[in-house]
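Source file upload-v2.json; content: JSON, C-alpha atoms.
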[["chain", "number", "residue", "atom", "x", "y", "z"],
["A", 1, "MET", "CA", 14.57, -42.36, 9.74],
["A", 2, "ILE", "CA", 13.39, -40.01, 7.00],
["A", 3, "ALA", "CA", 16.49, -40.73, 4.92],
["A", 4, "THR", "CA", 15.96, -44.48, 5.27],
["A", 5, "GLY", "CA", 12.35, -44.17, 4.17],
["A", 6, "LEU", "CA", 13.25, -42.03, 1.15],
["A", 7, "ILE", "CA", 16.05, -44.39, 0.12],
["A", 8, "ALA", "CA", 13.69, -47.38, 0.39],
["A", 9, "LEU", "CA", 11.03, -45.55, -1.63],
["A", 10, "ILE", "CA", 13.53, -44.64, -4.37],
["A", 11, "ALA", "CA", 14.86, -48.21, -4.47],
["A", 12, "ALA", "CA", 11.29, -49.54, -4.81],
["A", 13, "LEU", "CA", 10.59, -47.04, -7.60],
["A", 14, "HIS", "CA", 13.63, -48.28, -9.50],
["A", 15, "VAL", "CA", 12.60, -51.91, -9.06],
["A", 16, "TYR", "CA", 9.19, -50.92, -10.47],
["A", 17, "ILE", "CA", 10.86, -49.18, -13.43],
["A", 18, "LEU", "CA", 13.02, -52.29, -13.95],
["A", 19, "VAL", "CA", 9.90, -54.46, -14.17],
["A", 20, "LEU", "CA", 8.19, -52.06, -16.58],
["A", 21, "GLU", "CA", 11.19, -51.71, -18.87],
["A", 22, "MET", "CA", 12.49, -55.30, -18.79],
["A", 23, "PHE", "CA", 9.31, -57.36, -18.64],
["A", 24, "LEU", "CA", 6.25, -55.23, -19.40],
["A", 25, "TRP", "CA", 7.60, -52.79, -21.99],
["A", 26, "GLN", "CA", 5.03, -53.69, -24.66],
["A", 27, "ALA", "CA", 2.03, -53.89, -22.32],
["A", 28, "PRO", "CA", -0.66, -51.25, -22.90],
["A", 29, "ARG", "CA", -0.41, -49.84, -19.35],
["A", 30, "THR", "CA", 3.38, -49.51, -19.62],
["A", 31, "ARG", "CA", 3.05, -47.82, -23.00],
["A", 32, "ALA", "CA", 0.60, -45.38, -21.40],
["A", 33, "VAL", "CA", 3.04, -44.65, -18.54],
["A", 34, "PHE", "CA", 5.86, -43.88, -20.99],
["A", 35, "GLY", "CA", 3.65, -42.39, -23.71],
["A", 36, "THR", "CA", 4.77, -44.80, -26.43],
["A", 37, "SER", "CA", 3.01, -46.54, -29.29],
["A", 38, "ALA", "CA", 2.87, -50.29, -29.82],
["A", 39, "GLU", "CA", 5.21, -49.92, -32.79],
["A", 40, "PHE", "CA", 7.75, -47.90, -30.84],
["A", 41, "ALA", "CA", 7.62, -50.34, -27.92],
["A", 42, "ALA", "CA", 8.23, -53.28, -30.25],
["A", 43, "ALA", "CA", 11.14, -51.52, -31.96],
["A", 44, "THR", "CA", 12.79, -50.49, -28.67],
["A", 45, "LYS", "CA", 12.16, -53.63, -26.60],
["A", 46, "VAL", "CA", 15.86, -54.57, -26.27],
["A", 47, "LEU", "CA", 16.90, -50.98, -25.57],
["A", 48, "ALA", "CA", 14.25, -50.67, -22.84],
["A", 49, "ALA", "CA", 15.35, -53.94, -21.24],
["A", 50, "ASN", "CA", 18.92, -52.66, -21.10],
["A", 51, "GLN", "CA", 17.69, -49.42, -19.53],
["A", 52, "GLY", "CA", 15.66, -51.44, -17.03],
["A", 53, "LEU", "CA", 18.75, -53.36, -16.02],
["A", 54, "TYR", "CA", 20.51, -50.09, -15.18],
["A", 55, "ASN", "CA", 17.56, -49.06, -13.03],
["A", 56, "GLY", "CA", 17.93, -52.40, -11.26],
["A", 57, "PHE", "CA", 21.56, -51.63, -10.51],
["A", 58, "LEU", "CA", 20.52, -48.31, -8.96],
["A", 59, "ALA", "CA", 17.94, -50.12, -6.82],
["A", 60, "ALA", "CA", 20.50, -52.76, -5.80],
["A", 61, "GLY", "CA", 22.97, -50.08, -4.73],
["A", 62, "LEU", "CA", 20.35, -48.34, -2.62],
["A", 63, "VAL", "CA", 19.27, -51.62, -1.01],
["A", 64, "TRP", "CA", 22.94, -52.36, -0.30],
["A", 65, "ALA", "CA", 23.25, -48.98, 1.42],
["A", 66, "LEU", "CA", 20.19, -49.74, 3.54],
["A", 67, "TRP", "CA", 21.57, -53.17, 4.41],
["A", 68, "LEU", "CA", 24.82, -51.59, 5.59],
["A", 69, "GLY", "CA", 22.90, -49.31, 7.96],
["A", 70, "SER", "CA", 24.83, -46.34, 9.29],
["A", 71, "GLU", "CA", 27.98, -47.69, 7.60],
["A", 72, "GLY", "CA", 26.25, -47.30, 4.23],
["A", 73, "ARG", "CA", 26.06, -43.51, 4.25],
["A", 74, "GLU", "CA", 28.63, -43.03, 1.49],
["A", 75, "VAL", "CA", 27.15, -45.85, -0.58],
["A", 76, "ALA", "CA", 23.73, -44.23, -0.26],
["A", 77, "LEU", "CA", 25.08, -40.84, -1.28],
["A", 78, "PHE", "CA", 26.84, -42.32, -4.31],
["A", 79, "PHE", "CA", 23.77, -44.14, -5.62],
["A", 80, "LEU", "CA", 21.44, -41.24, -4.80],
["A", 81, "ALA", "CA", 23.77, -38.95, -6.76],
["A", 82, "CYS", "CA", 23.60, -41.40, -9.68],
["A", 83, "VAL", "CA", 19.79, -41.30, -9.53],
["A", 84, "LEU", "CA", 19.84, -37.49, -9.31],
["A", 85, "ILE", "CA", 22.11, -37.14, -12.34],
["A", 86, "ALA", "CA", 20.06, -39.67, -14.32],
["A", 87, "GLY", "CA", 16.90, -37.77, -13.37],
["A", 88, "ILE", "CA", 18.30, -34.42, -14.45],
["A", 89, "TYR", "CA", 19.54, -35.88, -17.72],
["A", 90, "GLY", "CA", 16.24, -37.65, -18.34],
["A", 91, "ALA", "CA", 14.29, -34.47, -17.64],
["A", 92, "ALA", "CA", 16.48, -32.53, -20.06],
["A", 93, "THR", "CA", 16.36, -35.10, -22.84],
["A", 94, "ALA", "CA", 13.21, -37.22, -22.50],
["A", 95, "SER", "CA", 10.47, -35.84, -20.23],
["A", 96, "ARG", "CA", 10.28, -33.08, -17.63],
["A", 97, "ARG", "CA", 8.19, -35.44, -15.52],
["A", 98, "ILE", "CA", 11.39, -37.37, -14.72],
["A", 99, "LEU", "CA", 12.58, -34.34, -12.78],
["A", 100, "PHE", "CA", 9.75, -34.84, -10.27],
["A", 101, "VAL", "CA", 9.64, -38.64, -10.32],
["A", 102, "GLN", "CA", 13.37, -39.32, -10.07],
["A", 103, "ALA", "CA", 15.54, -36.23, -9.51],
["A", 104, "LEU", "CA", 13.53, -34.43, -6.81],
["A", 105, "PRO", "CA", 13.11, -37.48, -4.53],
["A", 106, "SER", "CA", 16.81, -38.31, -4.80],
["A", 107, "ALA", "CA", 17.76, -34.69, -4.02],
["A", 108, "LEU", "CA", 15.52, -34.79, -0.94],
["A", 109, "ALA", "CA", 17.03, -38.10, 0.12],
["A", 110, "ILE", "CA", 20.55, -36.70, -0.29],
["A", 111, "LEU", "CA", 19.63, -33.75, 1.92],
["A", 112, "ALA", "CA", 18.10, -36.12, 4.51],
["A", 113, "VAL", "CA", 21.22, -38.33, 4.54],
["A", 114, "LEU", "CA", 23.51, -35.30, 4.90],
["A", 115, "ALA", "CA", 21.32, -33.87, 7.66],
["A", 116, "GLY", "CA", 21.29, -37.22, 9.45],
["A", 117, "ILE", "CA", 17.51, -37.42, 9.66]]
Translate this file's structure into structure tokens.
Amino acid sequence: MIATGLIALIAALHVYILVLEMFLWQAPRTRAVFGTSAEFAAATKVLAANQGLYNGFLAAGLVWALWLGSEGREVALFFLACVLIAGIYGAATASRRILFVQALPSALAILAVLAGI
């Protein structure tokens, strides 16, 4: 139950990131979330959309795992590991905040899946 909730929360987070990066990248609120200027957002619009698409794939994989139910354990672990690695890399290269927003929740979800809770 806890694992399912964490997986759903992480999937929803990645759908939210997809929307921000693919459709709202240049909006003032999105720029505030990512700490970017209007000029930077305009120059990186295509790059951000591509990044958003990848976040959508992570969300889709997690939703697939939820849809599979107990048979989706390995699928969930794979996509959670992808989120964890992306979070660690993002924290090391872009912003430490990513460690807490992306990596920590995925690590907790992995532990919950492995513990069967």
Spatial neighbours of A:Gln26, max dist 9 Å, all atoms listed in the file, sep filter under 6 positions, as an MDAnalysis selection string: chainID A and resid 20 37:42 45
A straight line from atom CA of A:Leu104 to atom CA of A:Leu24 spans 25.4 Å
Could you check the closest approach to A:Phe79 for each of A:Gly116, A:Arg96, A:Ile17, A:Ala11 and tell me which residue wins, using all atoms listed in the file?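 The shortest atom-to-atom distance to A:Phe79 comes from A:Ala11.
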Measuring between only C-alpha atoms, which one of A:Leu99, A:Leu111, A:Ala8, A:Cys82 shows the shortest distance to A:Trp64? A:Ala8
Go through A:Ile10, A:Val33, A:Ala112, A:Met22 one by one, measure the shortest atom-to-atom distance of each to A:Arg97 using all atoms listed in the file, and give the residue with the smallest value.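 Smallest separation from A:Arg97 among the options: A:Val33.
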I'd like to know which of A:Leu68, A:Ala107, A:Ile2, A:Val63 is closest to A:Ile85, using only C-alpha atoms.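 Of A:Leu68, A:Ala107, A:Ile2, A:Val63, the one nearest A:Ile85, counting only C-alpha atoms, is A:Ala107.
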Please identify all polymer residues lying at most 10 Å from the point (19.3, -52.5, -3.0) (file coordinates), using all atoms listed in the file, and present the result as a PyMOL selection string. chain A and resi 7-8+10-12+14-15+56-67+76+79
Counting only C-alpha atoms, the residue of A:Phe78, A:Ile110, A:Ala115, A:Gly35 that sits nearest A:Ser95: A:Gly35
Give me the residues within 10 Å of A:Ala86 as a list in words, counting only C-alpha atoms and dropping any in the same chain fewer than 5 places off.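 Contacts, in chain order: Asn55, Leu80, Ala81, Ala91, Ala92, Ile98, Leu99, Gln102 and Ala103 of chain A.
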Generate N, CA and C atoms for stretch 90-114 of chain A and emit them as a PDB file, keeping the file's coordinate frame.
ATOM      1  N   GLY A  90      17.512 -37.199 -17.771  1.00  0.00           N
ATOM      2  CA  GLY A  90      16.240 -37.650 -18.340  1.00  0.00           C
ATOM      3  C   GLY A  90      15.248 -36.524 -18.506  1.00  0.00           C
ATOM      4  N   ALA A  91      15.199 -35.618 -17.549  1.00  0.00           N
ATOM      5  CA  ALA A  91      14.290 -34.470 -17.640  1.00  0.00           C
ATOM      6  C   ALA A  91      14.692 -33.544 -18.781  1.00  0.00           C
ATOM      7  N   ALA A  92      15.990 -33.412 -18.993  1.00  0.00           N
ATOM      8  CA  ALA A  92      16.480 -32.530 -20.060  1.00  0.00           C
ATOM      9  C   ALA A  92      16.325 -33.142 -21.444  1.00  0.00           C
ATOM     10  N   THR A  93      16.353 -34.468 -21.521  1.00  0.00           N
ATOM     11  CA  THR A  93      16.360 -35.100 -22.840  1.00  0.00           C
ATOM     12  C   THR A  93      15.101 -35.877 -23.187  1.00  0.00           C
ATOM     13  N   ALA A  94      14.356 -36.345 -22.204  1.00  0.00           N
ATOM     14  CA  ALA A  94      13.210 -37.220 -22.500  1.00  0.00           C
ATOM     15  C   ALA A  94      11.877 -36.615 -22.049  1.00  0.00           C
ATOM     16  N   SER A  95      11.745 -36.330 -20.764  1.00  0.00           N
ATOM     17  CA  SER A  95      10.470 -35.840 -20.230  1.00  0.00           C
ATOM     18  C   SER A  95      10.721 -35.057 -18.943  1.00  0.00           C
ATOM     19  N   ARG A  96      10.135 -33.890 -18.851  1.00  0.00           N
ATOM     20  CA  ARG A  96      10.280 -33.080 -17.630  1.00  0.00           C
ATOM     21  C   ARG A  96       9.732 -33.788 -16.398  1.00  0.00           C
ATOM     22  N   ARG A  97       8.793 -34.694 -16.620  1.00  0.00           N
ATOM     23  CA  ARG A  97       8.190 -35.440 -15.520  1.00  0.00           C
ATOM     24  C   ARG A  97       9.246 -36.199 -14.717  1.00  0.00           C
ATOM     25  N   ILE A  98      10.323 -36.620 -15.393  1.00  0.00           N
ATOM     26  CA  ILE A  98      11.390 -37.370 -14.720  1.00  0.00           C
ATOM     27  C   ILE A  98      12.041 -36.529 -13.623  1.00  0.00           C
ATOM     28  N   LEU A  99      12.030 -35.234 -13.797  1.00  0.00           N
ATOM     29  CA  LEU A  99      12.580 -34.340 -12.780  1.00  0.00           C
ATOM     30  C   LEU A  99      11.865 -34.534 -11.444  1.00  0.00           C
ATOM     31  N   PHE A 100      10.552 -34.712 -11.497  1.00  0.00           N
ATOM     32  CA  PHE A 100       9.750 -34.840 -10.270  1.00  0.00           C
ATOM     33  C   PHE A 100       9.665 -36.280  -9.773  1.00  0.00           C
ATOM     34  N   VAL A 101       9.757 -37.235 -10.698  1.00  0.00           N
ATOM     35  CA  VAL A 101       9.640 -38.640 -10.320  1.00  0.00           C
ATOM     36  C   VAL A 101      10.969 -39.191  -9.805  1.00  0.00           C
ATOM     37  N   GLN A 102      12.081 -38.729 -10.378  1.00  0.00           N
ATOM     38  CA  GLN A 102      13.370 -39.320 -10.070  1.00  0.00           C
ATOM     39  C   GLN A 102      14.340 -38.329  -9.413  1.00  0.00           C
ATOM     40  N   ALA A 103      14.510 -37.164 -10.002  1.00  0.00           N
ATOM     41  CA  ALA A 103      15.540 -36.230  -9.510  1.00  0.00           C
ATOM     42  C   ALA A 103      15.154 -35.604  -8.167  1.00  0.00           C
ATOM     43  N   LEU A 104      13.944 -35.101  -8.048  1.00  0.00           N
ATOM     44  CA  LEU A 104      13.530 -34.430  -6.810  1.00  0.00           C
ATOM     45  C   LEU A 104      13.576 -35.372  -5.599  1.00  0.00           C
ATOM     46  N   PRO A 105      13.006 -36.583  -5.696  1.00  0.00           N
ATOM     47  CA  PRO A 105      13.110 -37.480  -4.530  1.00  0.00           C
ATOM     48  C   PRO A 105      14.554 -37.810  -4.150  1.00  0.00           C
ATOM     49  N   SER A 106      15.414 -37.997  -5.146  1.00  0.00           N
ATOM     50  CA  SER A 106      16.810 -38.310  -4.800  1.00  0.00           C
ATOM     51  C   SER A 106      17.502 -37.103  -4.170  1.00  0.00           C
ATOM     52  N   ALA A 107      17.179 -35.899  -4.634  1.00  0.00           N
ATOM     53  CA  ALA A 107      17.760 -34.690  -4.020  1.00  0.00           C
ATOM     54  C   ALA A 107      17.299 -34.571  -2.564  1.00  0.00           C
ATOM     55  N   LEU A 108      16.027 -34.840  -2.313  1.00  0.00           N
ATOM     56  CA  LEU A 108      15.520 -34.790  -0.940  1.00  0.00           C
ATOM     57  C   LEU A 108      16.178 -35.850  -0.071  1.00  0.00           C
ATOM     58  N   ALA A 109      16.380 -37.034  -0.635  1.00  0.00           N
ATOM     59  CA  ALA A 109      17.030 -38.100   0.120  1.00  0.00           C
ATOM     60  C   ALA A 109      18.484 -37.733   0.430  1.00  0.00           C
ATOM     61  N   ILE A 110      19.170 -37.135  -0.523  1.00  0.00           N
ATOM     62  CA  ILE A 110      20.550 -36.700  -0.290  1.00  0.00           C
ATOM     63  C   ILE A 110      20.587 -35.692   0.869  1.00  0.00           C
ATOM     64  N   LEU A 111      19.679 -34.750   0.844  1.00  0.00           N
ATOM     65  CA  LEU A 111      19.630 -33.750   1.920  1.00  0.00           C
ATOM     66  C   LEU A 111      19.338 -34.432   3.264  1.00  0.00           C
ATOM     67  N   ALA A 112      18.427 -35.408   3.267  1.00  0.00           N
ATOM     68  CA  ALA A 112      18.100 -36.120   4.510  1.00  0.00           C
ATOM     69  C   ALA A 112      19.294 -36.916   5.017  1.00  0.00           C
ATOM     70  N   VAL A 113      20.028 -37.567   4.123  1.00  0.00           N
ATOM     71  CA  VAL A 113      21.220 -38.330   4.540  1.00  0.00           C
ATOM     72  C   VAL A 113      22.263 -37.363   5.115  1.00  0.00           C
ATOM     73  N   LEU A 114      22.500 -36.259   4.428  1.00  0.00           N
ATOM     74  CA  LEU A 114      23.510 -35.300   4.900  1.00  0.00           C
ATOM     75  C   LEU A 114      23.101 -34.668   6.228  1.00  0.00           C
TER      76      LEU A 114
END
